[in-house]
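S.K.: I'd like to ask you about the structure that follows.
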Amino acid sequence: MLEQKLFLSLWLLSFLSIGAGHVVKARVAILGGGMAGITAARTLHEQGIQDFVIIEGRSELGGRMQNGAFKNGLKIEFGPNWIQGLGGATTQLNPIYAMALKNELDTIPSDYGNLTTYDHNGPANMVNELFDVHNGWSQYLMVAEERMNNELADLSARAGFRLAGYKPRTHLDDAAEYFTFDYEYGQSPEVSSFFASANNNNYTFNGFSNEANLVIDQRGFKTILQSEATSFLNISDTRVFLNHVVTNIHYSREGVHIETNQNITIQAEYALCTFSIGVLQNDDVTFHPTLPFWKQDAIHGTNMATYTKIFLRFNTTFWAPTQFQLYADPGRRGYYSSWQSLDLPGFFPGSHVLFVTVTDRESIRIERQPDATTQDEMMDVLRSMYGQDIPEPEEILFKRWDSDPLFRGSYSNWGASFPPELFVLLREPVEQRLWFAGEGTSDHYYGFLHGAYFEGVRAATSIVQCLHTNCPISDMIYSNASSWKASGLASKVKNIF
């Protein structure tokens, strides 16, 4: 294990010395070294295409798979933290779980029923509220399936809950619903798609299995991706450009030119853009010409959720010995609501680490204020839960995903009444030269790490077809005026909902 860690470290450092100020030519340029980018590169390699480059803005491969460390050396995950839907005996194995098994990644099952509940007055009995939302969610999934089968219109997830007969009335109901919905999708039912959220749940937790394992490996979750990369990239591979942020993309029917902040120009026949939806929405990369209106509609019509885990390390452990603690604020839904302990047997016993998850607008609000203010707010909540005599934390750690120009959020979410045509357009290449992939382009698994995995494979397979014969038949027919009309669009849309 130590030898593998040393090799990975030397292998990554070897890429840092790649020079600047020159032109690089390749058949395929992969923009982004996260899950989609690396699985795409591996697919090209397996299909006999070795003339590719990977452009990554950070100092290591991994994309949103990032961790941080406390002063005592304990490492925690800022980004993806769970393998969701493991799969196994009666279903296919989730590819992320397969990678984890291959690399002997340390994980532990999450038990969402191992829960204590609180409000502003201390311990609060939420048994009825949790039972009601569980039943409401089960009915939600059935109503969604029935409406999709009858080809009815999509609605908001909030409307879906109402149709299912679930209507939260109290702050305890709000906390139970938040733990069920927002804690997974990163946004509220008001701004989320009824049909897409139901499909998203079913494909992962029914298609694989209704299990989720928390990653606690001190090598970091990213190690499975970096290890995968070593299977087809060598230690002195000049096809990988780290610390190169893409600034401009010039595309046409003849090819793609990419410029980076290190004065490198990549000339490629095809490019695969694996940037997050948030990066595309925020114009952090300039496209020449401007992306066509149909692509912009798809990009800006998709939501980008922010999911922030805020870790506190204390000098003692004063909280309940359960995996999860749920807090119901009397006035603000989702206000420091979902807590989780890492100081448990099988996790990090003796670590005195507790973390809370905040989402969407609360995440963005917290990003914009000083850490000290956030810590004070968290401690006020913890004192409501556990009393006034608890100690102050020794450290606070979290990542500001929304304000990071390489990500602009955590993962995508389909909005309320989401038109499935927009998804087809989101995945669609531009001029058959500029391709797109990532968790955000996955209809079944958006928001999930395995969604990025499958999308990297899909896009790379299509590019290989372009290189060997002809590109896959497009769902869109373009004109010189950048207008479009549906070709195979109707059948594609029908397959989504």
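So you can find residues: chains in the structure tokens are A, B, ... in the order shown, residues in each start at 1, and ligands are numbered from 1 in order.
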Per DSSP on the backbone, what are the alpha helix (DSSP H) residues of segment 237-473 of chain A, as a PyMOL selection string?

M.R.: chain A and resi 277-281+293-300+360-367+371-386+420-427+449-468

S.K.: Pull the closest atom pair for each residue of segment 419-468 of chain A that gets at most 7 Å from segment 21-39 of chain A, along with the distance in Å to one decimal, counting only C-alpha atoms, ordering rows by chain and then ascending residue number, as CSV.

M.R.:
```
residue,atom,partner,partner_atom,distance
A:Ala437,CA,A:Ala36,CA,6.5
A:Gly438,CA,A:Ala36,CA,5.3
A:Ala452,CA,A:Ala36,CA,4.7
A:Tyr453,CA,A:Ala36,CA,5.2
A:Glu455,CA,A:Ala36,CA,6.2
A:Gly456,CA,A:Ala36,CA,4.1
A:Val457,CA,A:Thr39,CA,5.9
```

S.K.: Go ahead and write the residues just picked, all heavy atoms, as a PDB file, in the first residue's frame.

M.R.:
```pdb
ATOM      1  N   ALA A 437     -19.380  15.745 -21.754  1.00  0.00           N
ATOM      2  CA  ALA A 437     -19.635  14.592 -20.887  1.00  0.00           C
ATOM      3  C   ALA A 437     -19.386  14.980 -19.440  1.00  0.00           C
ATOM      4  O   ALA A 437     -18.590  15.881 -19.143  1.00  0.00           O
ATOM      5  CB  ALA A 437     -18.752  13.409 -21.276  1.00  0.00           C
ATOM      6  N   GLY A 438     -20.040  14.272 -18.549  1.00  0.00           N
ATOM      7  CA  GLY A 438     -19.903  14.495 -17.116  1.00  0.00           C
ATOM      8  C   GLY A 438     -21.170  14.028 -16.432  1.00  0.00           C
ATOM      9  O   GLY A 438     -22.132  13.617 -17.087  1.00  0.00           O
ATOM     10  N   ALA A 452     -20.838  10.245 -14.070  1.00  0.00           N
ATOM     11  CA  ALA A 452     -19.663  10.761 -14.778  1.00  0.00           C
ATOM     12  C   ALA A 452     -18.884   9.625 -15.428  1.00  0.00           C
ATOM     13  O   ALA A 452     -18.380   9.755 -16.557  1.00  0.00           O
ATOM     14  CB  ALA A 452     -18.771  11.536 -13.806  1.00  0.00           C
ATOM     15  N   TYR A 453     -18.776   8.503 -14.730  1.00  0.00           N
ATOM     16  CA  TYR A 453     -18.070   7.333 -15.274  1.00  0.00           C
ATOM     17  C   TYR A 453     -18.702   6.883 -16.589  1.00  0.00           C
ATOM     18  O   TYR A 453     -18.012   6.757 -17.618  1.00  0.00           O
ATOM     19  CB  TYR A 453     -18.112   6.207 -14.243  1.00  0.00           C
ATOM     20  CG  TYR A 453     -17.479   4.905 -14.694  1.00  0.00           C
ATOM     21  CD1 TYR A 453     -16.199   4.564 -14.295  1.00  0.00           C
ATOM     22  CD2 TYR A 453     -18.173   4.012 -15.521  1.00  0.00           C
ATOM     23  CE1 TYR A 453     -15.610   3.372 -14.704  1.00  0.00           C
ATOM     24  CE2 TYR A 453     -17.587   2.825 -15.940  1.00  0.00           C
ATOM     25  CZ  TYR A 453     -16.315   2.507 -15.534  1.00  0.00           C
ATOM     26  OH  TYR A 453     -15.738   1.333 -15.951  1.00  0.00           O
ATOM     27  N   GLU A 455     -20.722   8.443 -18.569  1.00  0.00           N
ATOM     28  CA  GLU A 455     -20.712   9.469 -19.610  1.00  0.00           C
ATOM     29  C   GLU A 455     -19.346   9.604 -20.266  1.00  0.00           C
ATOM     30  O   GLU A 455     -19.249   9.870 -21.469  1.00  0.00           O
ATOM     31  CB  GLU A 455     -21.164  10.802 -19.027  1.00  0.00           C
ATOM     32  CG  GLU A 455     -22.657  10.899 -18.815  1.00  0.00           C
ATOM     33  CD  GLU A 455     -23.409  10.743 -20.127  1.00  0.00           C
ATOM     34  OE1 GLU A 455     -23.405  11.680 -20.947  1.00  0.00           O
ATOM     35  OE2 GLU A 455     -23.999   9.656 -20.344  1.00  0.00           O
ATOM     36  N   GLY A 456     -18.285   9.428 -19.512  1.00  0.00           N
ATOM     37  CA  GLY A 456     -16.953   9.439 -20.109  1.00  0.00           C
ATOM     38  C   GLY A 456     -16.793   8.329 -21.123  1.00  0.00           C
ATOM     39  O   GLY A 456     -16.260   8.526 -22.229  1.00  0.00           O
ATOM     40  N   VAL A 457     -17.281   7.149 -20.773  1.00  0.00           N
ATOM     41  CA  VAL A 457     -17.224   6.005 -21.691  1.00  0.00           C
ATOM     42  C   VAL A 457     -18.072   6.273 -22.927  1.00  0.00           C
ATOM     43  O   VAL A 457     -17.642   6.017 -24.068  1.00  0.00           O
ATOM     44  CB  VAL A 457     -17.693   4.727 -20.971  1.00  0.00           C
ATOM     45  CG1 VAL A 457     -17.808   3.566 -21.961  1.00  0.00           C
ATOM     46  CG2 VAL A 457     -16.744   4.369 -19.833  1.00  0.00           C
TER      47      VAL A 457
END
```

S.K.: What lies within 9 Å of segment 168-175 of chain A using only C-alpha atoms, ignoring chain neighbours under 6 positions off, as a list in words?

M.R.: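 Answer for this query is Tyr118, Asp119, Ala124, Asn125, Met126, Glu129, Leu130, Asp132, Val133, Leu326, Tyr327, Ala328, Asp329, Pro330, Gly331, Arg332, Arg333, Gly334, Ser337 and Ser338 of chain A.
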
S.K.: Counting only C-alpha atoms, what is within 10 Å of Ile277 of chain A, bar same-chain residues fewer than 6 positions away, as a PyMOL selection string?

M.R.: chain A and resi 298-305+407-413+426+438-441

S.K.: From the set A:Leu449, A:Ala157, A:Ala268, A:Ala229, which residue has the shortest atom-to-atom contact distance to Gly85 of chain A, counting only C-alpha atoms?

M.R.: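 Of all the options, A:Leu449 lies closest to Gly85 of chain A.
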
S.K.: Suppose you want the space between atom CA of Arg219 of chain A and atom CA of Asn81 of chain A; what is it in Å?

M.R.: 12.9 Å

S.K.: Given only C-alpha atoms as the basis, pick out the residue of A:Thr359, A:Asn128, A:Ser417, A:Asn261 nearest to Glu56 of chain A.

M.R.: A:Asn261

S.K.: Would you list, as JSON, numbers by chain, the residues of segment 331-435 of chain A that end up in strand (DSSP E) under DSSP run on this structure's backbone?

M.R.: {"A": [338, 339, 340, 341, 353, 354, 355, 356, 357, 358, 359, 395, 396, 397, 411, 412, 413, 434, 435]}

S.K.: For the residues selected in the previous step, produce a file with all heavy atoms as a short mmCIF file (atom, residue, chain, number, x, y, z; two decimals), in the first residue's frame.

M.R.:
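The new file out_34.cif reads:
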```cif
data_model
loop_
_atom_site.label_atom_id
_atom_site.label_comp_id
_atom_site.auth_asym_id
_atom_site.auth_seq_id
_atom_site.Cartn_x
_atom_site.Cartn_y
_atom_site.Cartn_z
N SER A 338 -28.47 18.60 8.90
CA SER A 338 -28.03 17.20 8.81
C SER A 338 -26.60 17.04 9.29
O SER A 338 -25.65 17.45 8.61
CB SER A 338 -28.16 16.70 7.36
OG SER A 338 -29.51 16.74 6.95
N TRP A 339 -26.43 16.44 10.47
CA TRP A 339 -25.12 16.25 11.11
C TRP A 339 -24.72 14.79 11.04
O TRP A 339 -25.56 13.89 10.97
CB TRP A 339 -25.18 16.69 12.56
CG TRP A 339 -25.47 18.16 12.75
CD1 TRP A 339 -26.70 18.77 12.69
CD2 TRP A 339 -24.52 19.18 13.03
NE1 TRP A 339 -26.56 20.13 12.92
CE2 TRP A 339 -25.24 20.41 13.13
CE3 TRP A 339 -23.15 19.21 13.21
CZ2 TRP A 339 -24.63 21.63 13.40
CZ3 TRP A 339 -22.53 20.42 13.49
CH2 TRP A 339 -23.26 21.61 13.58
N GLN A 340 -23.40 14.57 11.07
CA GLN A 340 -22.89 13.21 11.04
C GLN A 340 -21.62 13.11 11.87
O GLN A 340 -20.73 13.97 11.78
CB GLN A 340 -22.61 12.76 9.60
CG GLN A 340 -22.23 11.29 9.47
CD GLN A 340 -22.23 10.81 8.04
OE1 GLN A 340 -22.64 11.53 7.13
NE2 GLN A 340 -21.79 9.58 7.82
N SER A 341 -21.53 12.07 12.66
CA SER A 341 -20.36 11.84 13.50
C SER A 341 -19.35 10.95 12.80
O SER A 341 -19.72 9.96 12.16
CB SER A 341 -20.77 11.19 14.82
OG SER A 341 -19.62 10.86 15.60
N VAL A 353 -14.48 14.32 15.66
CA VAL A 353 -14.87 15.06 14.45
C VAL A 353 -16.36 14.87 14.18
O VAL A 353 -16.88 13.75 14.19
CB VAL A 353 -14.05 14.61 13.22
CG1 VAL A 353 -14.60 15.26 11.94
CG2 VAL A 353 -12.59 14.99 13.41
N LEU A 354 -17.02 15.98 13.93
CA LEU A 354 -18.44 16.04 13.60
C LEU A 354 -18.58 16.93 12.38
O LEU A 354 -17.86 17.93 12.25
CB LEU A 354 -19.20 16.64 14.79
CG LEU A 354 -20.73 16.80 14.69
CD1 LEU A 354 -21.41 15.44 14.75
CD2 LEU A 354 -21.22 17.68 15.84
N PHE A 355 -19.49 16.58 11.45
CA PHE A 355 -19.69 17.50 10.33
C PHE A 355 -21.16 17.67 10.02
O PHE A 355 -21.99 16.83 10.36
CB PHE A 355 -18.89 17.06 9.09
CG PHE A 355 -19.38 15.85 8.34
CD1 PHE A 355 -20.26 15.98 7.27
CD2 PHE A 355 -18.92 14.58 8.67
CE1 PHE A 355 -20.68 14.87 6.56
CE2 PHE A 355 -19.34 13.47 7.97
CZ PHE A 355 -20.23 13.61 6.91
N VAL A 356 -21.46 18.81 9.42
CA VAL A 356 -22.82 19.13 9.02
C VAL A 356 -22.83 19.37 7.53
O VAL A 356 -21.84 19.84 6.96
CB VAL A 356 -23.35 20.37 9.79
CG1 VAL A 356 -22.61 21.64 9.36
CG2 VAL A 356 -24.86 20.53 9.61
N THR A 357 -23.93 19.03 6.88
CA THR A 357 -24.09 19.27 5.45
C THR A 357 -25.12 20.37 5.23
O THR A 357 -26.23 20.30 5.78
CB THR A 357 -24.53 17.99 4.72
OG1 THR A 357 -23.52 16.99 4.89
CG2 THR A 357 -24.74 18.26 3.23
N VAL A 358 -24.75 21.36 4.45
CA VAL A 358 -25.69 22.41 4.04
C VAL A 358 -25.75 22.41 2.52
O VAL A 358 -24.82 21.95 1.84
CB VAL A 358 -25.29 23.79 4.56
CG1 VAL A 358 -25.40 23.85 6.07
CG2 VAL A 358 -23.86 24.15 4.13
N THR A 359 -26.84 22.91 1.96
CA THR A 359 -27.04 22.81 0.52
C THR A 359 -27.59 24.11 -0.07
O THR A 359 -28.14 24.95 0.62
CB THR A 359 -28.04 21.68 0.19
OG1 THR A 359 -29.26 21.91 0.90
CG2 THR A 359 -27.49 20.32 0.58
N GLU A 395 -10.76 23.17 15.26
CA GLU A 395 -10.57 23.45 13.83
C GLU A 395 -11.90 23.38 13.11
O GLU A 395 -12.80 22.65 13.51
CB GLU A 395 -9.62 22.44 13.19
CG GLU A 395 -8.16 22.59 13.55
CD GLU A 395 -7.31 21.59 12.79
OE1 GLU A 395 -7.04 21.85 11.59
OE2 GLU A 395 -6.94 20.55 13.37
N ILE A 396 -11.99 24.13 12.01
CA ILE A 396 -13.12 24.05 11.08
C ILE A 396 -12.56 23.91 9.67
O ILE A 396 -11.60 24.62 9.31
CB ILE A 396 -14.03 25.29 11.20
CG1 ILE A 396 -15.20 25.20 10.20
CG2 ILE A 396 -13.26 26.59 11.03
CD1 ILE A 396 -16.26 26.29 10.39
N LEU A 397 -13.11 23.00 8.89
CA LEU A 397 -12.65 22.78 7.52
C LEU A 397 -13.84 22.62 6.59
O LEU A 397 -14.79 21.90 6.90
CB LEU A 397 -11.81 21.50 7.42
CG LEU A 397 -10.39 21.48 7.98
CD1 LEU A 397 -9.80 20.08 7.83
CD2 LEU A 397 -9.51 22.50 7.28
N TYR A 411 -22.71 19.54 -8.00
CA TYR A 411 -23.21 18.62 -9.02
C TYR A 411 -24.53 19.14 -9.57
O TYR A 411 -25.15 20.03 -9.00
CB TYR A 411 -23.37 17.19 -8.48
CG TYR A 411 -24.15 17.05 -7.20
CD1 TYR A 411 -25.55 17.07 -7.19
CD2 TYR A 411 -23.50 16.87 -5.99
CE1 TYR A 411 -26.27 16.92 -6.02
CE2 TYR A 411 -24.21 16.73 -4.80
CZ TYR A 411 -25.58 16.74 -4.82
OH TYR A 411 -26.29 16.60 -3.65
N SER A 412 -24.95 18.58 -10.69
CA SER A 412 -26.14 19.09 -11.38
C SER A 412 -27.42 18.54 -10.78
O SER A 412 -27.43 17.52 -10.08
CB SER A 412 -26.07 18.74 -12.87
OG SER A 412 -26.13 17.33 -13.04
N ASN A 413 -28.50 19.23 -11.08
CA ASN A 413 -29.84 18.79 -10.68
C ASN A 413 -30.81 19.25 -11.75
O ASN A 413 -30.68 20.36 -12.27
CB ASN A 413 -30.21 19.39 -9.32
CG ASN A 413 -31.56 18.92 -8.84
OD1 ASN A 413 -31.92 17.75 -9.00
ND2 ASN A 413 -32.33 19.81 -8.24
N LEU A 434 -16.90 19.22 -30.98
CA LEU A 434 -16.82 19.56 -29.56
C LEU A 434 -17.87 18.77 -28.80
O LEU A 434 -19.07 19.01 -28.94
CB LEU A 434 -17.03 21.07 -29.38
CG LEU A 434 -16.98 21.61 -27.95
CD1 LEU A 434 -15.63 21.31 -27.30
CD2 LEU A 434 -17.26 23.11 -27.94
N TRP A 435 -17.41 17.80 -28.00
CA TRP A 435 -18.29 16.88 -27.30
C TRP A 435 -18.37 17.24 -25.82
O TRP A 435 -17.49 17.93 -25.29
CB TRP A 435 -17.80 15.44 -27.47
CG TRP A 435 -17.94 14.96 -28.89
CD1 TRP A 435 -17.18 15.33 -29.97
CD2 TRP A 435 -18.92 14.06 -29.40
NE1 TRP A 435 -17.62 14.71 -31.11
CE2 TRP A 435 -18.69 13.92 -30.79
CE3 TRP A 435 -19.96 13.34 -28.82
CZ2 TRP A 435 -19.47 13.09 -31.59
CZ3 TRP A 435 -20.74 12.51 -29.62
CH2 TRP A 435 -20.50 12.39 -30.99
#
```

S.K.: Would you please work out which residue, of A:Gln432, A:Thr260, A:Ser156, A:Asn201, is nearest to Gly57 of chain A when using only C-alpha atoms?

M.R.: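 Ranking A:Gln432, A:Thr260, A:Ser156, A:Asn201 by distance to Gly57 of chain A, first place goes to A:Thr260.
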
S.K.: So that I can check the surroundings of Ala416 of chain A, please list as a list in words every protein, DNA and RNA residue that reaches within 8 Å of it, counting only C-alpha atoms and ignoring chain neighbours fewer than 4 positions away.

M.R.: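 Listed by chain and then number, they are Asp154, Leu155, Ser156, Ala157, Glu190, Val191, Ser192, Ser193 and Phe194 of chain A.
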
S.K.: Rank nothing, just name the residue among A:Tyr307, A:Trp294, A:Phe454, A:Phe348 nearest to Arg400 of chain A, using only C-alpha atoms.

M.R.: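 Looking only at the distances to Arg400 of chain A, the closest residue turns out to be A:Tyr307.
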
S.K.: Given only C-alpha atoms as the basis, pick out the residue of A:Glu104, A:Asp360, A:Asp111, A:Glu211 nearest to Gln187 of chain A.

M.R.: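 Ranked by minimum distance to Gln187 of chain A, first place goes to A:Asp360.
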
S.K.: Choose the residue, out of A:His288, A:Arg58, A:His352, A:His244, that has the smallest atom-to-atom separation from His257 of chain A; count only C-alpha atoms.

M.R.: A:His288
